[in-house]
Structure formats: C-alpha cells, structure tokens
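Engineer: I have a structure here, written as structure tokens, and I will follow up with some questions on it.
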Amino acid sequence: VDELSSRLARVVGPDQVITDRAVLAGYETDWTGRFAGRARLVVRPADRDEVAGVLLVCRDARVAVVPQGGNTGLVGGGVPRDGEVVLSLRRLDRLGPVDPIAGQVTVGAGATLAAVRRHAAAAGLDFGVDLAARESATIGGMVNTNAGGIRVLRWGSMRAQVVGAEAVLTDGRVLRRLAGLPKDSTGYDLVGTLVGSEGTLAVLTAVRLRLVPRPRRQVTATLAVADTVAAQRVLASVRAGVPGLTSAEIFYADGLRIVCDTQSIAPPFRTSYTTYLLVDFGAEDDPTPALAAALASRDDVLDSAIATDEAARRTLWAHRDGHTEAVNTLGVPLKLDVGVPAPALAEFEHELRAIVEVAGARLVLFGHLAEGNFHANVIGAHDPDTLTDAVMRAVARYGGTISAEHGVGVAKARWLPLVRSPVELELMAATKRAWDPDGLLNPGVLLPR
Ligand SMILES: Cc1cc2nc3c(=O)[nH]c(=O)nc-3n(C[C@H](O)[C@H](O)[C@H](O)COP(=O)(O)OP(=O)(O)OC[C@H]3O[C@@H](n4cnc5c(N)ncnc54)[C@H](O)[C@@H]3O)c2cc1C
C-alpha cells in the first residue's frame, strides 16, 4: 500500500480506496469503450467533508483528480487518462425532503436521475430533464455536462433546473448556496458557472433542483414522414395546435432496424419508412383530440401510431430510447453530438451524410428535432480525427455548436476554438485559474491544453 492510498484510507476508510486492477477497470473505461486510461486508484467518499479531505490529500501529493458520477458520459470527461485519482461521487446519493411550496428538492450529487424522478413523483411532482441513461446517470454528472435529453423543449436543459449547489474547491473550501431563492440579484452566478464545467472547477456534492408539475394526461405518437424537412413541418403544426408538447425526437429507417433487431421488438408500422418523428405531450386535459385534429389535415404524415396508456407509450418510446445501446452493438462508435439552427438542419444533414459516405463509414443518425440536435454515430471510421474535423467545421459554418448536450470532454477539446471566440477562451482560462489554481481537476478536459 503506497503513501497516497493510506492517507486517503484515513479519510474515507480502507474499503473505499480501490486499487484492485480488476475492480478499477469499471471506472477506467467510458460507456462507449472509446475512451480508457489508467487510474492510480479510485476513492469513494461518503459525504462532503470526506470529499474535502480527499481533495486536500491529492493537492498535497500533487495528483490530478477525475471526478466521476455514473460514468455514462460520452466524451471521455469522466474517465482517467494518465494515472489520475478517480473520485467517485456515487455514494453521495442522499435525497432531501421535497419542498412542496417552492417546488424544489436538494439531492446529493451522486443521486441517479431515476431516483430523483421517483422521489419527486412520490410528492406528486416531476423532474424536468429525462434521458435514456436515467438509471445510472447522476445529478452531479448531468449538471457538469449541462445534460439535455428528451424534454428540453418543454423544461430546458439542466441549466434551467439548478437553483442552488454545494461544491468543494481543491483547497477544501466549500461553496454552499442551497437556499434556492427564486429571486436573487446579488452579482455573479457562481452556481451557474459550475453548470457545464465538466469537473474542471470544483467537485459538486449537492444540488438544489427545481421540480415541475406531473401532467395528468400523456400521449405519445410516432409519425412516419418523408424526410427531416417534413418532420420539421409536422413539428411546427403540432407545436402550435396541440397543448403540452414535451418531446420531439427524430430517427431514421436504419437506426430503427438496428434497435428492433438487437432488442427483438416490433417496429411501429408494418411498412418501413425513411423518417420517424416521435412526439410526446403532457397536459391537464387529454391532448389526443387536438393531436388527431392536427394530423387529420396533413398529407405529409404517411402513417401514425398513437398511444395513451403507459405500456403502449413505453413501447413507442423504446424505438427511440434504444438507439444509443443498439449502436454500441455495431462496434465502438464515434459519437458526434452536434446542433445547428433549425432552418439549417436539413442542409447540414445532407452534408453530414456525404462526409461519412466519402469516409467509407456507416452513419446512424437520430436526435432531438426541436433543438436541431443530431447524434451522429459513425461506425467503421478509419480516420476518426479527419472525419470529426470535417463535421465540426461544417457545424461551425452553419452557426451551430460542436456539443449540444454531451459536453466537450477530451473528445472535442481541440475543436472548441471553432465555436468559442478568443475572448471567451481567455475568460474561460481565467475562470479555471481562479477556481482551480493548481490545475488539479480534470486536466485535458474541456479547455484545449
Ligand atoms: C444510453 C445513454 C443515453 C444518453 N442520453 C443523453 C441525452 O439524451 N442527453 C444528454 O445530455 N446526455 C445523454 N447521455 C450522456 C450524458 O452526458 C450522461 O448520461 C450524464 O449527463 C452524465 O452523468 P454521469 O453521472 O454518468 O456523469 P459521468 O459520465 O460520470 O461524468 C460526466 C462529466 O461530469 C463530471 N462529473 C461527474 N460528477 C461530478 C461531480 N459530482 N462534480 C464535478 N464533476 C463531476 C465528470 O468529471 C465528467 O466530466 C446519454 C448517455 C447514455 C449512456
């Protein structure tokens, strides 16, 4: 046992310092298998004070630290690269009481999304963000990547849900703003700075979250359309004509086929179509009549499947939810989560398909239509860097973003200057120095080296 392990063991207890190589493996590789590195060890504190103790020991030993939540991140930001200490926050999973007056709750950074949603539901409320990794993704990881998911058009991304936070700095000092005051005009938004910071500024230990009402009636529809432009037209008409639009997700024939094959489930229709739009509504009154009326007059909706009960809705959602896992069965994917302004989406799609085709690779495309957010999954890219470069440059040309919701991580750090100006990069570097002067937290993530 080396000096670092025994000092950390004094903080968290010997059982919570992991050095066994077989156990470390689960913390060293990301969810896709694309990003992997060696950890010096994994340390699993139980609470904020232990987090502070761990950071002080690591700072003293000058060992870099990689904070990790559920390890479902897709840009390599939560796995070690070169002998860092992995600081796992999963044990900080306490769920505080729901405040029904403010509609808020304070949870530990290690609480999973699914646990928070169940906790809110027990109090008659819901949490605004949802995504397919819900059983493993933690609130701390979701705040740090500013996760988006399938309900951004209704409730916004994580940034819109965070009303307070507690975080530990590398010198052990604690930033604590958990009052959740809906109105507060006292200067710089320090909690907001932590949203999307990808573990580079401080270690988040608790978060105060805004909760949202649970809709009484929900309806989901999968609609077959000709292409992305048609899907956008249909989206515009249901957005205007049907109350409670919560999700608008797009996927295509090849992706659906892989999902159905790998999960042995039936497709939504007997006929295969090129493009599918899944829309989901939640409202006080049943949105189904308004949805039926909005669809009846449209000849660009080629087929439709509508579900109002929970089991049938889940069946329709499985076609979309299953994409990320199904893609992984084809090999280690190159995952490019990008966004462009809605009017440019179809043109960008054509360019994207052409780039991947020229590279001789396979593209499985799906995404969050309302936000112009595509998940381009590329399988069999011989030269991933050149392909990524071409896609990132195209995105920038269309005025889009190189990361819509997964973060920058190590995957995209070198392309950040495409979408962030020199002034912004200087301010980001100065922010990093102010919070983490020794550069201890997540070196190589987010900011180009
Ligand atoms: C099947 C699947 C579907 C997904 N769907 C979506 C989707 O629809 N929308 C979307 O936005 N994302 C999606 N994701 C990716 C998404 O980024 C993660 O699910 C989630 O946000 C990360 O949470 P995590 O706890 O796993 O974080 P990790 O992967 O452990 O870490 C992510 C980043 O946060 C940092 N971090 C983690 N915890 C802390 C902490 N307490 N303090 C400081 N830094 C911390 C890490 O260092 C790392 O940089 C999906 C992933 C999968 C596998």
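Following the order of the structure tokens, first chain is A, next is B, and so on, with residues numbered from 1 inside each chain and ligands from 1 in the order they appear.
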So that I can check the secondary structure, give me every residue of segment 5-163 of chain A assigned strand (DSSP E) by backbone DSSP, as a list in words.

Structural biologist: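 Taking segment 5-163 of chain A and keeping strand (DSSP E) gives Val17, Ile18, Arg38, Ala39, Arg40, Leu41, Val42, Val43, Val65, Val66, Pro67, Gln68, Asp82, Gly83, Glu84, Val85, Val86, Leu87, Ser88, Gln104, Val105, Thr106, Val107, Gly108, Leu125, Asp126, Val162 and Val163 of chain A.
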
Engineer: Go ahead and write the selection's residues with C-alpha atoms as a tab-separated table (two decimals), in the first residue's frame.

Structural biologist:
```tsv
chain	number	residue	atom	x	y	z
A	17	VAL	CA	-9.93	3.16	-1.61
A	18	ILE	CA	-9.83	0.80	-4.59
A	38	ARG	CA	-5.23	4.02	-16.18
A	39	ALA	CA	-6.35	5.25	-12.77
A	40	ARG	CA	-3.85	5.44	-9.93
A	41	LEU	CA	-6.74	4.42	-7.68
A	42	VAL	CA	-10.44	5.06	-7.13
A	43	VAL	CA	-11.61	6.77	-3.96
A	65	VAL	CA	-8.27	14.17	-9.86
A	66	VAL	CA	-11.01	13.00	-12.22
A	67	PRO	CA	-14.49	13.39	-10.69
A	68	GLN	CA	-16.85	10.62	-11.78
A	82	ASP	CA	-2.86	9.07	-17.23
A	83	GLY	CA	-2.66	7.83	-13.65
A	84	GLU	CA	-5.11	10.29	-12.04
A	85	VAL	CA	-7.13	9.56	-8.92
A	86	VAL	CA	-10.74	8.84	-9.85
A	87	LEU	CA	-13.04	10.49	-7.30
A	88	SER	CA	-16.33	8.59	-7.44
A	104	GLN	CA	-37.68	22.19	-5.05
A	105	VAL	CA	-35.54	19.44	-3.60
A	106	THR	CA	-31.89	19.17	-2.52
A	107	VAL	CA	-30.14	15.95	-3.56
A	108	GLY	CA	-26.64	14.56	-3.28
A	125	LEU	CA	-44.15	16.33	-8.81
A	126	ASP	CA	-41.65	15.50	-11.55
A	162	VAL	CA	-30.38	24.11	-10.99
A	163	VAL	CA	-31.38	26.66	-8.34
```

Engineer: Applying 10 Å and only C-alpha atoms, which residues near segment 53-59 of chain A remain after dropping the ones on its own chain fewer than 5 positions away? List them as a list in words.

Structural biologist: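 These residues fall inside the cut-off: Leu4, Ser5, Arg7, Leu8, Ala9, Arg10, Val11, Val12, Val43, Arg44, Pro45, Arg48, Ala64, Val65, Glu84, Val85, Leu87, Val168, Leu169, Thr170, Asp171, Gly172, Arg173, Ala202, Val203, Asp438, Gly439, Leu440 and Leu441 of chain A.
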
Engineer: Which value, in Å to one decimal, gives the distance between atom CA of Ile101 of chain A and atom CA of Trp155 of chain A?

Structural biologist: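 Answer for the atom CA of Ile101 of chain A to atom CA of Trp155 of chain A separation: 18.9 Å.
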
Engineer: Fewer than 5 positions away in the same chain doesn't count, so skip those; otherwise give me all residues within 12 Å of Gly96 of chain A, counting only C-alpha atoms, as a PyMOL selection string.

Structural biologist: chain A and resi 104-109+111+115-116+119-120+123+178+206-209

Engineer: Please write the residues from the selection above to a file, keeping N, CA and C atoms, as a compact mmCIF listing (two decimals), in the first residue's frame.

Structural biologist:
```txt
# COMPACT_ATOMS: atom_id res chain seq x y z
N GLN A 104 -39.12 22.43 -4.94
CA GLN A 104 -37.68 22.19 -5.05
C GLN A 104 -37.28 21.02 -4.17
N VAL A 105 -36.09 20.49 -4.45
CA VAL A 105 -35.54 19.44 -3.60
C VAL A 105 -34.01 19.54 -3.66
N THR A 106 -33.36 19.23 -2.54
CA THR A 106 -31.89 19.17 -2.52
C THR A 106 -31.48 17.70 -2.53
N VAL A 107 -30.59 17.35 -3.46
CA VAL A 107 -30.14 15.95 -3.56
C VAL A 107 -28.63 15.90 -3.61
N GLY A 108 -28.08 14.77 -3.18
CA GLY A 108 -26.64 14.56 -3.28
C GLY A 108 -26.24 14.45 -4.74
N ALA A 109 -25.00 14.83 -5.05
CA ALA A 109 -24.54 14.82 -6.44
C ALA A 109 -24.53 13.41 -7.02
N ALA A 111 -26.87 11.10 -6.54
CA ALA A 111 -28.21 10.53 -6.75
C ALA A 111 -28.45 10.33 -8.24
N ALA A 115 -33.70 7.89 -9.50
CA ALA A 115 -34.05 8.01 -8.08
C ALA A 115 -34.69 9.36 -7.80
N VAL A 116 -34.17 10.41 -8.43
CA VAL A 116 -34.73 11.75 -8.22
C VAL A 116 -36.14 11.83 -8.79
N HIS A 119 -38.49 9.99 -6.47
CA HIS A 119 -38.64 10.78 -5.24
C HIS A 119 -39.61 11.94 -5.48
N ALA A 120 -39.46 12.62 -6.61
CA ALA A 120 -40.35 13.74 -6.94
C ALA A 120 -41.78 13.24 -7.17
N ALA A 123 -43.99 12.80 -4.29
CA ALA A 123 -44.54 14.05 -3.75
C ALA A 123 -45.48 14.71 -4.76
N LEU A 178 -27.52 26.81 -1.23
CA LEU A 178 -28.58 25.81 -1.40
C LEU A 178 -29.97 26.36 -1.03
N ALA A 206 -23.72 18.56 -3.71
CA ALA A 206 -25.18 18.57 -3.59
C ALA A 206 -25.76 19.60 -4.55
N VAL A 207 -26.99 19.39 -4.95
CA VAL A 207 -27.64 20.30 -5.89
C VAL A 207 -29.08 20.55 -5.43
N ARG A 208 -29.51 21.79 -5.51
CA ARG A 208 -30.91 22.13 -5.26
C ARG A 208 -31.58 22.22 -6.62
N LEU A 209 -32.64 21.44 -6.81
CA LEU A 209 -33.27 21.32 -8.12
C LEU A 209 -34.69 21.86 -8.12
```

Engineer: Could you find all residues in segment 156-384 of chain A that DSSP calls alpha helix (DSSP H) from the backbone, and write them as number ranges by chain?

Structural biologist: A: 190-194, 228-241, 253-263, 288-296, 310-321, 323-328, 345-358, 384

Engineer: For His375 of chain A, list every protein, DNA or RNA residue within 7 Å, evaluated using only C-alpha atoms, and leave out those in the same chain fewer than 4 positions away; present the list as a count of residues only.

Structural biologist: 7

Engineer: Quick one: everything within 10 Å of Leu74 of chain A, counting only C-alpha atoms, minus sequence neighbours fewer than 5 positions away in the same chain. Send it as a PyMOL selection string.

Structural biologist: chain A and resi 30-35+145+334-337+405-411

Engineer: Report the distance between atom CA of Ala236 of chain A and atom CA of Tyr276 of chain A in Å, rounded to one decimal place.

Structural biologist: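 The value is 15.1 Å.
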
Engineer: Can you pull out the residues contacting Asp389 of chain A? Cut-off 8 Å, using only C-alpha atoms, and skip same-chain residues under 4 positions away; I want them as a CSV table (one decimal) with C-alpha atoms, in the first residue's frame.

Structural biologist:
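Saved file out.csv follows:
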```csv
chain,number,residue,atom,x,y,z
A,385,ASP,CA,-9.9,12.7,-36.4
A,393,ARG,CA,-16.1,22.6,-39.3
A,415,TRP,CA,-12.2,22.0,-31.7
```

Engineer: Separation of atom CA of Ala147 of chain A and atom CA of Ala283 of chain A, in Å?

Structural biologist: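 Going from atom CA of Ala147 of chain A over to atom CA of Ala283 of chain A, I get 24.0 Å.
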
Engineer: Name all residues at most 12 Å from Tyr398 of chain A (count only C-alpha atoms; drop same-chain ones fewer than 2 positions away) and give them as a ChimeraX atom specification.

Structural biologist: /A:338-349,351-352,372,391-396,400-402,418-419
